[in-house]
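work.txt follows (compact mmCIF, C-alpha atoms):
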# COMPACT_ATOMS: atom_id res chain seq x y z
CA MET A 21 0.00 0.00 0.00
CA ALA A 22 1.15 3.49 -0.76
CA ARG A 23 1.93 5.69 2.25
CA ARG A 24 -0.42 8.56 2.73
CA GLY A 25 0.96 11.95 3.82
CA ILE A 26 -0.18 12.95 7.34
CA PRO A 27 -2.87 15.57 6.86
CA GLU A 28 -2.45 18.90 8.65
CA ILE A 29 -4.68 19.39 11.67
CA ASN A 30 -7.37 21.90 11.09
CA ALA A 31 -6.57 24.68 13.51
CA GLY A 32 -9.44 26.91 12.50
CA SER A 33 -11.11 26.45 15.88
CA MET A 34 -8.00 27.53 17.79
CA ALA A 35 -9.29 31.07 17.95
CA ASP A 36 -12.51 29.84 19.53
CA ILE A 37 -10.55 27.93 22.15
CA ALA A 38 -8.40 30.98 22.87
CA PHE A 39 -11.45 33.17 23.24
CA LEU A 40 -13.09 30.65 25.52
CA LEU A 41 -9.99 30.61 27.72
CA LEU A 42 -9.77 34.37 27.68
CA ILE A 43 -13.39 34.78 28.69
CA PHE A 44 -13.05 32.11 31.36
CA PHE A 45 -10.11 33.94 32.95
CA LEU A 46 -11.81 37.28 32.50
CA VAL A 47 -14.79 36.07 34.48
CA THR A 48 -12.94 34.20 37.20
CA THR A 49 -10.08 36.58 37.95
CA THR A 50 -10.44 38.87 40.90
CA MET A 51 -7.80 41.49 41.03
CA ASP A 52 -6.26 41.87 44.44
CA LYS A 53 -7.77 45.20 45.41
CA ASP A 54 -6.64 47.10 48.45
CA GLN A 55 -9.54 47.27 50.85
CA ALA A 56 -9.40 49.19 54.08
CA TYR A 57 -11.28 51.14 56.74
CA VAL A 58 -10.48 54.83 56.59
CA ARG A 59 -10.26 56.66 59.93
CA SER A 60 -9.10 60.08 60.91
CA ILE A 61 -6.70 60.86 63.70
CA PRO A 62 -7.70 63.77 65.94
CA LYS A 63 -5.62 66.88 65.45
CA LYS A 64 -2.98 67.53 68.03
CA ILE A 65 -3.81 70.50 70.21
CA GLU A 66 -0.90 72.51 71.45
CA THR A 67 -1.93 74.26 74.61
CA ASP A 68 -0.44 74.77 78.01
CA GLN A 69 -3.64 74.64 79.96
CA VAL A 70 -5.15 71.21 80.28
CA GLN A 71 -8.88 71.48 80.09
CA ILE A 72 -10.99 68.91 81.80
CA PRO A 73 -13.67 67.84 79.33
CA PRO A 74 -17.27 67.95 80.51
CA PRO A 75 -18.55 64.64 81.81
CA ILE A 76 -20.42 62.47 79.34
CA GLU A 77 -23.54 60.63 80.36
CA GLU A 78 -23.04 56.90 80.49
CA ARG A 79 -25.99 56.34 78.19
CA ASN A 80 -24.17 58.11 75.37
CA ILE A 81 -21.07 55.95 75.51
CA CYS A 82 -20.88 52.71 73.63
CA ALA A 83 -17.59 51.28 74.79
CA ILE A 84 -16.13 48.23 73.09
CA LYS A 85 -13.16 46.94 75.01
CA ALA A 86 -10.70 44.18 74.22
CA ASN A 87 -7.90 43.03 76.48
CA ALA A 88 -4.52 41.45 75.90
CA LEU A 89 -6.08 37.98 75.95
CA ASN A 90 -8.45 38.99 73.14
CA GLN A 91 -11.51 38.93 75.38
CA LEU A 92 -14.28 41.35 74.53
CA MET A 93 -16.42 43.64 76.59
CA PHE A 94 -19.38 45.52 75.18
CA ARG A 95 -20.84 48.27 77.38
CA GLU A 96 -19.31 46.69 80.49
CA GLU A 97 -20.72 43.25 79.70
CA ILE A 98 -18.53 40.34 78.68
CA MET A 99 -19.16 39.25 75.11
CA THR A 100 -17.96 35.91 73.79
CA ASN A 101 -19.00 36.16 70.16
CA PRO A 102 -17.68 39.26 68.32
CA ASP A 103 -20.34 38.80 65.61
CA GLU A 104 -22.89 40.19 68.07
CA ILE A 105 -21.29 43.65 68.08
CA SER A 106 -23.15 44.92 65.01
CA ASP A 107 -26.56 43.87 66.36
CA ARG A 108 -25.86 45.47 69.71
CA LEU A 109 -24.69 48.65 67.98
CA ILE A 110 -27.90 48.84 65.98
CA GLU A 111 -29.75 48.48 69.27
CA PHE A 112 -27.64 51.33 70.69
CA TYR A 113 -28.59 53.59 67.80
CA THR A 114 -32.25 52.74 67.34
CA THR A 115 -33.74 52.00 70.76
CA ASN A 116 -34.81 55.58 71.47
CA GLU A 117 -35.19 56.65 67.86
CA LYS A 118 -38.99 56.71 67.80
CA LYS A 119 -39.67 57.49 71.42
CA ASN A 120 -37.35 58.52 74.23
CA ASP A 121 -37.48 56.34 77.30
CA PRO A 122 -35.44 57.83 80.16
CA ALA A 123 -35.49 54.48 81.98
CA ASN A 124 -33.19 52.68 79.56
CA ASN A 125 -29.48 53.21 79.10
CA PHE A 126 -29.40 54.26 75.44
CA PRO A 127 -28.75 57.72 73.92
CA MET A 128 -31.67 60.11 73.64
CA TYR A 129 -33.01 61.45 70.38
CA SER A 130 -34.22 64.95 69.67
CA HIS A 131 -36.74 65.69 66.93
CA ILE A 132 -35.97 69.06 65.49
CA THR A 133 -38.55 70.84 63.31
CA LYS A 134 -38.04 73.02 60.28
CA SER A 135 -38.82 76.29 62.08
CA GLU A 136 -36.41 75.36 64.85
CA ILE A 137 -33.67 74.76 62.30
CA ASP A 138 -34.39 78.14 60.65
CA ALA A 139 -34.21 79.87 64.04
CA GLY A 140 -30.98 78.03 64.85
CA LEU A 141 -29.44 79.03 61.55
CA ARG A 142 -30.36 82.71 62.06
CA ALA A 143 -28.98 82.72 65.60
CA ALA A 144 -25.74 81.06 64.49
CA GLU A 145 -25.28 83.51 61.63
CA LYS A 146 -25.84 86.47 63.91
CA ASP A 147 -23.43 85.04 66.45
CA ALA A 148 -20.76 84.50 63.79
CA GLU A 149 -21.15 88.00 62.41
CA ASP A 150 -21.02 89.52 65.88
CA THR A 151 -17.84 87.62 66.64
CA GLU A 152 -16.33 88.76 63.36
CA ASN A 153 -17.10 92.40 64.17
CA THR A 154 -15.69 92.15 67.67
CA PRO A 155 -12.24 93.75 67.69
CA GLY A 156 -9.47 91.36 68.67
CA ALA A 157 -11.47 88.17 68.08
CA MET A 158 -9.28 85.14 67.46
CA PRO A 159 -9.46 83.80 63.87
CA GLU A 160 -9.89 80.25 65.18
CA ILE A 161 -13.02 81.27 67.03
CA ILE A 162 -14.44 83.05 63.97
CA ASP A 163 -13.79 79.91 61.89
CA TYR A 164 -15.41 77.81 64.55
CA LYS A 165 -18.54 79.98 64.56
CA TRP A 166 -18.82 79.83 60.78
CA ASN A 167 -18.46 76.05 60.97
CA ILE A 168 -21.51 76.01 63.21
CA VAL A 169 -23.40 78.05 60.61
CA GLY A 170 -22.34 75.46 58.02
CA GLU A 171 -23.68 72.66 60.19
CA TRP A 172 -27.06 74.37 60.45
CA GLU A 173 -27.17 74.84 56.69
CA THR A 174 -26.48 71.13 56.20
CA LYS A 175 -29.32 70.36 58.57
CA LYS A 176 -31.64 72.66 56.67
CA GLN A 177 -30.85 70.89 53.42
CA ALA A 178 -31.22 67.53 55.13
CA ILE A 179 -34.73 68.18 56.44
CA GLU A 180 -35.88 69.37 53.03
CA LEU A 181 -34.58 66.17 51.54
CA TYR A 182 -36.04 64.08 54.36
CA GLY A 183 -39.51 65.40 53.57
CA LYS A 184 -40.94 65.01 57.06
CA ASN A 185 -41.93 67.52 59.71
CA SER A 186 -39.04 66.80 62.01
CA LEU A 187 -35.53 65.45 61.73
CA PRO A 188 -34.55 62.82 64.29
CA GLU A 189 -31.12 63.42 65.70
CA ILE A 190 -29.19 61.27 68.12
CA HIS A 191 -27.64 63.02 71.11
CA GLY A 192 -24.57 65.01 70.10
CA GLN A 193 -22.39 63.18 72.57
CA ALA A 194 -23.39 59.66 71.56
CA HIS A 195 -20.32 57.87 70.30
CA VAL A 196 -18.63 54.53 69.89
CA ARG A 197 -15.42 54.10 71.80
CA ILE A 198 -12.87 51.41 71.02
CA GLU A 199 -10.59 50.64 73.91
CA ILE A 200 -7.97 48.01 73.33
CA GLN A 201 -4.74 47.00 74.97
CA LYS A 202 -1.35 46.98 73.31
CA ALA A 203 -1.21 43.21 73.00
CA THR A 204 -4.70 42.81 71.53
CA GLU A 205 -4.39 40.99 68.22
CA TYR A 206 -4.89 43.09 65.11
CA LYS A 207 -7.37 40.46 63.93
CA LEU A 208 -9.76 41.34 66.75
CA PHE A 209 -9.23 45.08 66.29
CA ALA A 210 -10.08 44.69 62.60
CA LYS A 211 -13.11 42.59 63.52
CA ILE A 212 -14.41 45.37 65.77
CA GLN A 213 -13.93 47.89 62.96
CA SER A 214 -15.69 45.55 60.55
CA GLU A 215 -18.67 45.10 62.87
CA ILE A 216 -19.03 48.85 63.42
CA GLU A 217 -18.90 49.46 59.70
CA GLU A 218 -21.52 46.77 59.15
CA ALA A 219 -23.87 48.29 61.73
CA ILE A 220 -23.55 51.79 60.25
CA PHE A 221 -24.11 50.39 56.77
CA GLU A 222 -27.25 48.53 57.79
CA LEU A 223 -28.71 51.56 59.56
CA ARG A 224 -27.99 53.94 56.70
CA ASP A 225 -29.11 51.39 54.14
CA GLY A 226 -32.46 51.05 55.89
CA ALA A 227 -32.93 54.82 55.95
CA ALA A 228 -31.82 55.16 52.31
CA MET A 229 -34.36 52.56 51.21
CA ASP A 230 -37.11 54.34 53.19
CA VAL A 231 -36.37 57.87 52.04
CA PHE A 232 -34.86 57.49 48.56
CA GLY A 233 -35.88 53.97 47.57
CA GLU A 234 -32.33 52.94 46.70
CA SER A 235 -29.59 51.31 48.70
CA TYR A 236 -26.82 53.12 50.54
CA GLY A 237 -24.23 51.11 48.61
CA THR A 238 -25.65 52.34 45.30
CA ILE A 239 -25.53 55.97 46.41
CA THR A 240 -21.96 55.79 47.73
CA ARG A 241 -20.73 54.00 44.61
CA ARG A 242 -22.41 56.51 42.32
CA TYR A 243 -21.09 59.42 44.39
CA GLY A 244 -17.60 57.95 44.17
CA MET A 245 -17.85 58.00 40.38
CA ASP A 246 -19.56 61.26 39.44
CA LYS A 247 -19.52 63.29 42.72
CA SER A 248 -22.93 64.83 42.07
CA VAL A 249 -24.36 67.44 44.44
CA GLU A 250 -27.60 65.48 44.75
CA ASP A 251 -25.83 62.39 46.07
CA LYS A 252 -23.69 64.50 48.36
CA GLU A 253 -26.83 65.88 50.00
CA LYS A 254 -28.30 62.41 50.30
CA LEU A 255 -25.19 61.15 52.03
CA ALA A 256 -25.17 64.20 54.31
CA LEU A 257 -28.72 63.40 55.42
CA LEU A 258 -27.84 59.77 56.14
CA LYS A 259 -24.84 60.96 58.10
CA ILE A 260 -27.01 63.22 60.25
CA LEU A 261 -29.47 60.38 60.89
CA TYR A 262 -26.74 57.89 61.84
CA PRO A 263 -23.49 59.71 62.58
CA ASP A 264 -20.27 57.73 62.66
CA ARG A 265 -18.56 59.11 65.72
CA PHE A 266 -15.82 56.68 66.68
CA ILE A 267 -13.12 57.25 69.23
CA GLU A 268 -10.10 54.99 69.23
CA VAL A 269 -8.46 55.28 72.60
CA ALA A 270 -4.68 54.89 72.61
CA PRO A 271 -3.82 51.91 74.82
CA LYS A 272 -1.92 52.58 78.04
CA LYS A 273 -0.76 49.03 78.68
CA MET B 22 -8.71 5.58 -9.56
CA SER B 23 -6.81 8.54 -10.75
CA LYS B 24 -9.51 10.74 -9.31
CA PHE B 25 -8.91 9.37 -5.78
CA ARG B 26 -5.17 9.91 -5.96
CA LYS B 27 -5.65 13.50 -6.91
CA GLU B 28 -7.74 14.19 -3.81
CA GLU B 29 -5.18 12.57 -1.50
CA LYS B 30 -2.46 14.90 -2.64
CA LYS B 31 -4.40 18.05 -1.89
CA ALA B 32 -3.00 19.58 1.36
CA ALA B 33 -5.29 20.95 4.11
CA PRO B 34 -5.62 24.71 3.84
CA GLY B 35 -3.53 26.73 6.30
CA VAL B 36 -5.21 28.34 9.29
CA ASN B 37 -5.98 31.98 8.91
CA THR B 38 -4.07 33.55 11.75
CA SER B 39 -4.93 37.12 10.98
CA SER B 40 -7.11 37.36 14.11
CA LEU B 41 -4.32 36.22 16.42
CA PRO B 42 -3.00 39.75 16.94
CA ASP B 43 -6.51 40.81 17.96
CA ILE B 44 -6.59 38.16 20.65
CA VAL B 45 -3.17 39.07 21.94
CA PHE B 46 -4.00 42.76 21.95
CA MET B 47 -7.20 42.10 23.84
CA LEU B 48 -5.30 40.16 26.50
CA LEU B 49 -2.74 42.89 26.69
CA PHE B 50 -5.32 45.64 27.10
CA PHE B 51 -7.19 43.63 29.70
CA PHE B 52 -4.13 43.26 31.87
CA MET B 53 -3.09 46.84 31.27
CA VAL B 54 -6.42 48.18 32.47
CA ALA B 55 -6.97 45.79 35.34
CA THR B 56 -3.58 45.90 37.01
CA THR B 57 -2.34 48.43 39.46
CA SER B 58 1.32 48.11 40.15
CA LYS B 59 2.59 47.38 43.59
CA GLU B 60 4.97 49.97 44.92
CA SER B 61 7.32 47.52 46.53
CA ASP B 62 7.56 44.02 47.85
CA PRO B 63 7.51 44.07 51.62
CA SER B 64 10.12 41.97 53.34
CA VAL B 65 7.64 41.08 56.08
CA LYS B 66 4.89 38.48 55.84
CA VAL B 67 1.38 39.91 56.06
CA THR B 68 -1.76 37.80 56.30
CA GLN B 69 -4.60 40.28 56.40
CA PRO B 70 -7.63 39.71 58.63
CA GLU B 71 -11.07 39.60 57.08
CA GLY B 72 -13.73 42.25 57.25
CA VAL B 73 -16.91 43.45 55.55
CA ARG B 74 -18.09 46.81 54.18
CA THR B 75 -14.63 48.05 53.37
CA THR B 76 -13.62 51.03 51.28
CA ASP B 77 -11.80 50.44 48.02
CA MET B 78 -8.41 52.14 47.96
CA THR B 79 -7.99 51.98 44.16
CA PRO B 80 -9.15 55.57 43.43
CA TYR B 81 -6.70 56.91 46.02
CA LYS B 82 -3.94 54.82 44.49
CA GLN B 83 -4.68 56.24 41.07
CA ARG B 84 -4.39 59.76 42.47
CA SER B 85 -1.35 58.70 44.54
CA GLU B 86 -3.01 60.00 47.68
CA ILE B 87 -2.02 56.94 49.65
CA ASP B 88 1.15 55.50 51.16
CA PHE B 89 1.49 51.94 52.36
CA MET B 90 3.23 50.50 55.36
CA TYR B 91 3.37 46.89 56.44
CA VAL B 92 3.46 45.21 59.85
CA GLY B 93 4.46 41.57 60.04
CA LYS B 94 7.10 39.03 60.87
CA PRO B 95 10.26 39.21 58.74
CA LEU B 96 10.29 36.81 55.80
CA ASN B 97 13.94 35.97 56.39
CA PRO B 98 13.91 33.30 59.14
CA ALA B 99 17.32 34.24 60.48
CA ARG B 100 16.30 37.87 60.86
CA ALA B 101 12.98 36.84 62.38
CA ALA B 102 14.78 34.78 65.01
CA LYS B 103 17.16 37.63 65.75
CA TYR B 104 14.36 40.12 66.31
CA ALA B 105 12.24 37.63 68.26
CA GLU B 106 15.15 37.31 70.68
CA MET B 107 15.00 41.05 71.21
CA GLY B 108 11.29 40.76 71.93
CA MET B 109 10.26 42.31 68.59
CA GLU B 110 8.31 39.68 66.77
CA TYR B 111 6.40 42.01 64.50
CA LEU B 112 8.21 44.69 62.59
CA LEU B 113 7.30 47.69 60.51
CA PHE B 114 8.15 47.97 56.85
CA MET B 115 7.68 51.19 54.90
CA ASP B 116 7.85 51.20 51.14
CA ASN B 117 10.42 53.14 49.14
CA VAL B 118 12.65 53.83 52.09
CA ALA B 119 16.32 54.00 51.30
CA GLN B 120 17.38 50.76 52.86
CA SER B 121 20.89 51.25 54.12
CA THR B 122 20.70 48.72 56.90
CA PRO B 123 17.72 46.52 57.64
CA ASP B 124 17.82 47.54 61.29
CA GLU B 125 17.24 51.16 60.42
CA LEU B 126 14.09 50.27 58.58
CA TYR B 127 12.02 48.80 61.37
CA ASN B 128 12.03 51.93 63.43
CA VAL B 129 8.83 53.71 64.46
CA THR B 130 10.61 57.05 64.76
CA ALA B 131 11.50 56.94 61.06
CA ILE B 132 7.83 57.30 60.17
CA ARG B 133 7.82 61.09 60.27
CA ARG B 134 10.75 61.43 57.91
CA TRP B 135 9.33 58.74 55.61
CA LYS B 136 5.90 60.34 55.38
CA LEU B 137 7.24 63.84 54.81
CA ASP B 138 9.64 62.56 52.15
CA LYS B 139 6.80 60.77 50.40
CA PHE B 140 4.68 63.90 50.56
CA ASP B 141 7.43 66.04 49.05
CA ALA B 142 7.86 63.54 46.24
CA LYS B 143 4.20 63.78 45.20
CA PRO B 144 3.31 65.50 41.93
CA GLU B 145 2.89 69.27 42.08
CA ARG B 146 -0.67 69.26 40.78
CA MET B 147 -1.92 67.25 43.74
CA SER B 148 -4.16 69.52 45.77
CA GLU B 149 -4.68 67.24 48.78
CA PRO B 150 -2.98 68.64 51.91
CA ILE B 151 -1.01 66.22 54.08
CA GLU B 152 -4.00 65.85 56.43
CA GLY B 153 -5.90 64.05 53.71
CA VAL B 154 -3.17 61.81 52.34
CA ILE B 155 -4.02 58.33 53.54
CA THR B 156 -1.49 56.18 55.32
CA CYS B 157 -2.64 52.63 54.78
CA ILE B 158 -1.43 50.16 57.40
CA LYS B 159 -1.35 46.57 56.22
CA ALA B 160 -0.90 44.57 59.38
CA ASP B 161 -0.69 40.85 59.95
CA GLU B 162 -3.69 39.42 61.77
CA GLY B 163 -1.51 38.33 64.68
CA ALA B 164 0.23 41.67 65.14
CA PRO B 165 -0.33 43.49 68.42
CA SER B 166 -2.65 46.48 67.95
CA GLY B 167 -0.39 48.65 70.09
CA ILE B 168 1.87 49.16 67.09
CA ILE B 169 -1.06 50.71 65.18
CA PHE B 170 -1.41 53.32 67.88
CA ASP B 171 2.35 53.95 67.93
CA ILE B 172 2.10 54.68 64.21
CA ARG B 173 -0.97 56.88 64.72
CA LYS B 174 0.87 58.90 67.33
CA GLU B 175 3.80 59.51 64.99
CA LEU B 176 1.47 60.55 62.18
CA GLN B 177 -0.39 62.91 64.49
CA GLU B 178 2.87 64.73 65.19
CA ILE B 179 3.29 65.68 61.52
CA ASN B 180 -0.41 66.36 60.96
CA ALA B 181 -0.97 63.42 58.60
CA LEU B 182 -4.41 62.78 59.97
CA THR B 183 -5.92 60.06 57.80
CA VAL B 184 -5.17 56.38 58.31
CA ALA B 185 -6.65 53.25 56.81
CA TYR B 186 -6.60 49.78 58.30
CA ALA B 187 -6.24 47.26 55.51
CA VAL B 188 -8.34 44.09 55.60
CA ARG B 189 -9.38 41.45 53.11
CA ASP B 190 -13.00 41.98 52.11
CA ASN B 191 -15.08 38.84 52.47
CA GLY B 192 -18.39 40.58 51.91
CA ASN B 193 -19.14 38.92 48.59
CA ILE B 194 -18.85 35.35 49.79
Represent the structure from my file as structure tokens, please.
Amino acid sequence: MARRGIPEINAGSMADIAFLLLIFFLVTTTMDKDQAYVRSIPKKIETDQVQIPPPIEERNICAIKANALNQLMFREEIMTNPDEISDRLIEFYTTNEKKNDPANNFPMYSHITKSEIDAGLRAAEKDAEDTENTPGAMPEIIDYKWNIVGEWETKKQAIELYGKNSLPEIHGQAHVRIEIQKATEYKLFAKIQSEIEEAIFELRDGAAMDVFGESYGTITRRYGMDKSVEDKEKLALLKILYPDRFIEVAPKK
Amino acid sequence: MSKFRKEEKKAAPGVNTSSLPDIVFMLLFFFMVATTSKESDPSVKVTQPEGVRTTDMTPYKQRSEIDFMYVGKPLNPARAAKYAEMGMEYLLFMDNVAQSTPDELYNVTAIRRWKLDKFDAKPERMSEPIEGVITCIKADEGAPSGIIFDIRKELQEINALTVAYAVRDNGNI
């Protein structure tokens, strides 16, 4: 029999295979993104006189403590499962939201109306102008007064966006305080941060769905991309409803 | 018979490879767009803890408004043993520091100089003041948190007031 030449393999479908591979990798690859929790450090105050801060009511403090053995304490109660932190935080924020009950140990809410905000804004503006016209006024104090005016303006915008008669506001001193020790593992510290972030997200997400009918995540993502004024105001309102006031106490031991 | 022989001789047509460059270019563009380059390889081992609802640092990286530092055990076992003897298991690594001696590197007091140097090296058009330039701390999950606060204290001294604690986001699982 005569030998036949080996026929060439038809490689016409190679491109299909390559595309398939490409698309497979495209879909399955996750780029290692840098994810983090952003926090600000309080500004250092250079002053000779040490001022004793006014006492804070216990109901306004939400202390999360962790010791060198990685044991947790939430509002002076021992906590074994760190996953509970976010639920307890939501409780801290929302218990008195609808109705203040002086008997419990959670921060009080105030419901401020539109006319009260207008009056507050006028008073703050007058105060700032008066301070500015006072001879020898310190520039820091003038700045501080104008900041207060700015806060009132934000509130005014917020209540218009909120669309209700009054704006619920948690007590100005209510805050979350993280107290750790030097030897506390970073893993637990990060877990506490994660739980706090989760609680704040859930609270703001709930409010965003109620007021705007879209999720908090959607708004923040969109704001990150196009920085629109509308989204900025929405986020400002959510921030007034559920402020993120965290204090990270420097460990002493 | 002669008909059959004729068909046997006919070679298979060659593959048209004119679309191959397209494929290669597509791959190239994909990787070009999706990759952000790492500033440096840390010489400490960092296993990040997990967390949810994190902030993506990519936009800050693109605007170079972020500097990274790492906290972990040294990768070099001999050096790790040496430092462990001195009671310093976890060490600090800052990127792009002129590394004259390794011992000089793991020094908390060098943070100020490092951060200010990095700030001076930033492009002129950057409007962000030093208060807003993020210092991202990538710490190992076993590291003691005290070191975070040592870093914070140093940053406070030079008015670099924004920090970020890096974690691995497990929110999508």
Show me, as CSV, the residues of chain B having an atom within 6 Å of chain A, each with the closest atom pair and its distance in Å, using only C-alpha atoms.
residue,atom,partner,partner_atom,distance
B:Ala33,CA,A:Glu28,CA,5.7
B:Val36,CA,A:Gly32,CA,5.5
B:Pro70,CA,A:Lys207,CA,5.4
B:Gly72,CA,A:Ser214,CA,5.1
B:Val73,CA,A:Ser214,CA,5.6
B:Thr75,CA,A:Ala56,CA,5.4
B:Thr76,CA,A:Ala56,CA,5.4
B:Asp77,CA,A:Gln55,CA,4.8
B:Met78,CA,A:Asp54,CA,5.4
B:Glu162,CA,A:Lys207,CA,4.4
B:Gly163,CA,A:Glu205,CA,5.3
B:Ala164,CA,A:Tyr206,CA,5.3
B:Pro165,CA,A:Ala203,CA,4.7
B:Ser166,CA,A:Tyr206,CA,5.0
B:Gly167,CA,A:Lys202,CA,3.8
B:Phe170,CA,A:Ala270,CA,6.0
B:Leu182,CA,A:Ile61,CA,4.8
B:Thr183,CA,A:Ser60,CA,4.4
B:Val184,CA,A:Arg59,CA,5.3
B:Ala185,CA,A:Val58,CA,4.1
B:Tyr186,CA,A:Ala56,CA,5.1
B:Ala187,CA,A:Ala56,CA,4.0
B:Val188,CA,A:Ala56,CA,5.4
Could you check how far atom CA of A:Arg95 sits from atom CA of A:Pro122, in Å to one decimal?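 These atoms are spaced 17.7 Å apart.
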As an exercise, work out the distance from atom CA of A:Ile267 to atom CA of A:Lys176 in Å and give it to one decimal place.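 Value for the atom CA of A:Ile267-atom CA of A:Lys176 distance: 27.2 Å.
By all atoms listed in the file, and with residues fewer than 5 positions from A:Lys165 along its chain excluded, the set lying at most 9 Å from it is Ala144, Glu145, Asp147, Ala148, Glu149, Thr151, Glu160 and Gly170 of chain A.
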Export, as a PDB file, in the frame of the given file, the selected residues with C-alpha atoms.
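Final file, result-v4.pdb:
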ATOM      1  CA  ALA A 144     -25.740  81.060  64.490  1.00  0.00           C
ATOM      2  CA  GLU A 145     -25.280  83.510  61.630  1.00  0.00           C
ATOM      3  CA  ASP A 147     -23.430  85.040  66.450  1.00  0.00           C
ATOM      4  CA  ALA A 148     -20.760  84.500  63.790  1.00  0.00           C
ATOM      5  CA  GLU A 149     -21.150  88.000  62.410  1.00  0.00           C
ATOM      6  CA  THR A 151     -17.840  87.620  66.640  1.00  0.00           C
ATOM      7  CA  GLU A 160      -9.890  80.250  65.180  1.00  0.00           C
ATOM      8  CA  GLY A 170     -22.340  75.460  58.020  1.00  0.00           C
TER       9      GLY A 170
END
Would you list the contacts of A:Glu111 as a ChimeraX atom specification, taking every protein, DNA or RNA residue within 10 Å and counting all atoms listed in the file, but skipping same-chain residues closer than 5 positions in sequence? /A:105-106,116-117,126,219
Would you put the residues from that selection into a file with C-alpha atoms, as an mmCIF file, in the coordinates of the input?
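And here's selection_0.cif as it stands now:
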data_model
loop_
_atom_site.group_PDB
_atom_site.id
_atom_site.type_symbol
_atom_site.label_atom_id
_atom_site.label_comp_id
_atom_site.auth_asym_id
_atom_site.auth_seq_id
_atom_site.Cartn_x
_atom_site.Cartn_y
_atom_site.Cartn_z
ATOM 1 C CA ILE A 105 -21.290 43.650 68.080
ATOM 2 C CA SER A 106 -23.150 44.920 65.010
ATOM 3 C CA ASN A 116 -34.810 55.580 71.470
ATOM 4 C CA GLU A 117 -35.190 56.650 67.860
ATOM 5 C CA PHE A 126 -29.400 54.260 75.440
ATOM 6 C CA ALA A 219 -23.870 48.290 61.730
#
Find the distance between atom CA of A:Asn167 and atom CA of A:Gln69 and write it in Å to one decimal.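 Atom-to-atom, atom CA of A:Asn167 to atom CA of A:Gln69, that is 24.1 Å.
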Can you list, as a list of chain:residue names, every protein, DNA or RNA residue that comes within 9 Å of stretch 94-96 of chain B when you count only C-alpha atoms, leaving out same-chain residues fewer than 6 positions away?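 Contacts, in chain order: B:Pro63, B:Ser64, B:Val65, B:Lys66, B:Val67, B:Ala102, B:Tyr104, B:Met109, B:Glu110, B:Tyr111, B:Leu112, B:Leu113, B:Asp161, B:Ala164.
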Nearest to A:Asp251 among A:Ile198, A:Leu181, A:Ile110, A:Leu187, with distances taken over all atoms listed in the file: which residue is it?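 Smallest separation from A:Asp251 among the options: A:Leu181.
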Give me the residues near A:Tyr182 as a VMD selection string, where near means some atom within 12 Å (using all atoms listed in the file) and where sequence neighbours in that chain fewer than 5 positions away do not count. chain A and resid 133 to 134 175 to 177 187 to 188 227 to 228 230 to 232 253 to 258 260 to 261
Reconstructed stretch 170-181 of chain B, atom set N, CA and C atoms, as a compact mmCIF listing (two decimals), in the frame of the given file:
# COMPACT_ATOMS: atom_id res chain seq x y z
N PHE B 170 -1.27 52.05 67.16
CA PHE B 170 -1.41 53.32 67.88
C PHE B 170 -0.07 54.05 67.98
N ASP B 171 1.04 53.30 67.99
CA ASP B 171 2.35 53.95 67.93
C ASP B 171 2.48 54.70 66.61
N ILE B 172 2.03 54.05 65.53
CA ILE B 172 2.10 54.68 64.21
C ILE B 172 1.21 55.92 64.17
N ARG B 173 -0.02 55.76 64.71
CA ARG B 173 -0.97 56.88 64.72
C ARG B 173 -0.38 58.09 65.44
N LYS B 174 0.31 57.81 66.55
CA LYS B 174 0.87 58.90 67.33
C LYS B 174 1.94 59.65 66.53
N GLU B 175 2.77 58.89 65.81
CA GLU B 175 3.80 59.51 64.99
C GLU B 175 3.18 60.36 63.88
N LEU B 176 2.11 59.83 63.27
CA LEU B 176 1.47 60.55 62.18
C LEU B 176 0.80 61.82 62.68
N GLN B 177 0.27 61.74 63.91
CA GLN B 177 -0.39 62.91 64.49
C GLN B 177 0.60 64.06 64.65
N GLU B 178 1.84 63.71 64.98
CA GLU B 178 2.87 64.73 65.19
C GLU B 178 3.12 65.56 63.93
N ILE B 179 3.02 64.93 62.76
CA ILE B 179 3.29 65.68 61.52
C ILE B 179 2.00 66.05 60.81
N ASN B 180 0.86 65.92 61.50
CA ASN B 180 -0.41 66.36 60.96
C ASN B 180 -0.91 65.53 59.77
N ALA B 181 -0.43 64.31 59.64
CA ALA B 181 -0.97 63.42 58.60
C ALA B 181 -2.11 62.66 59.26
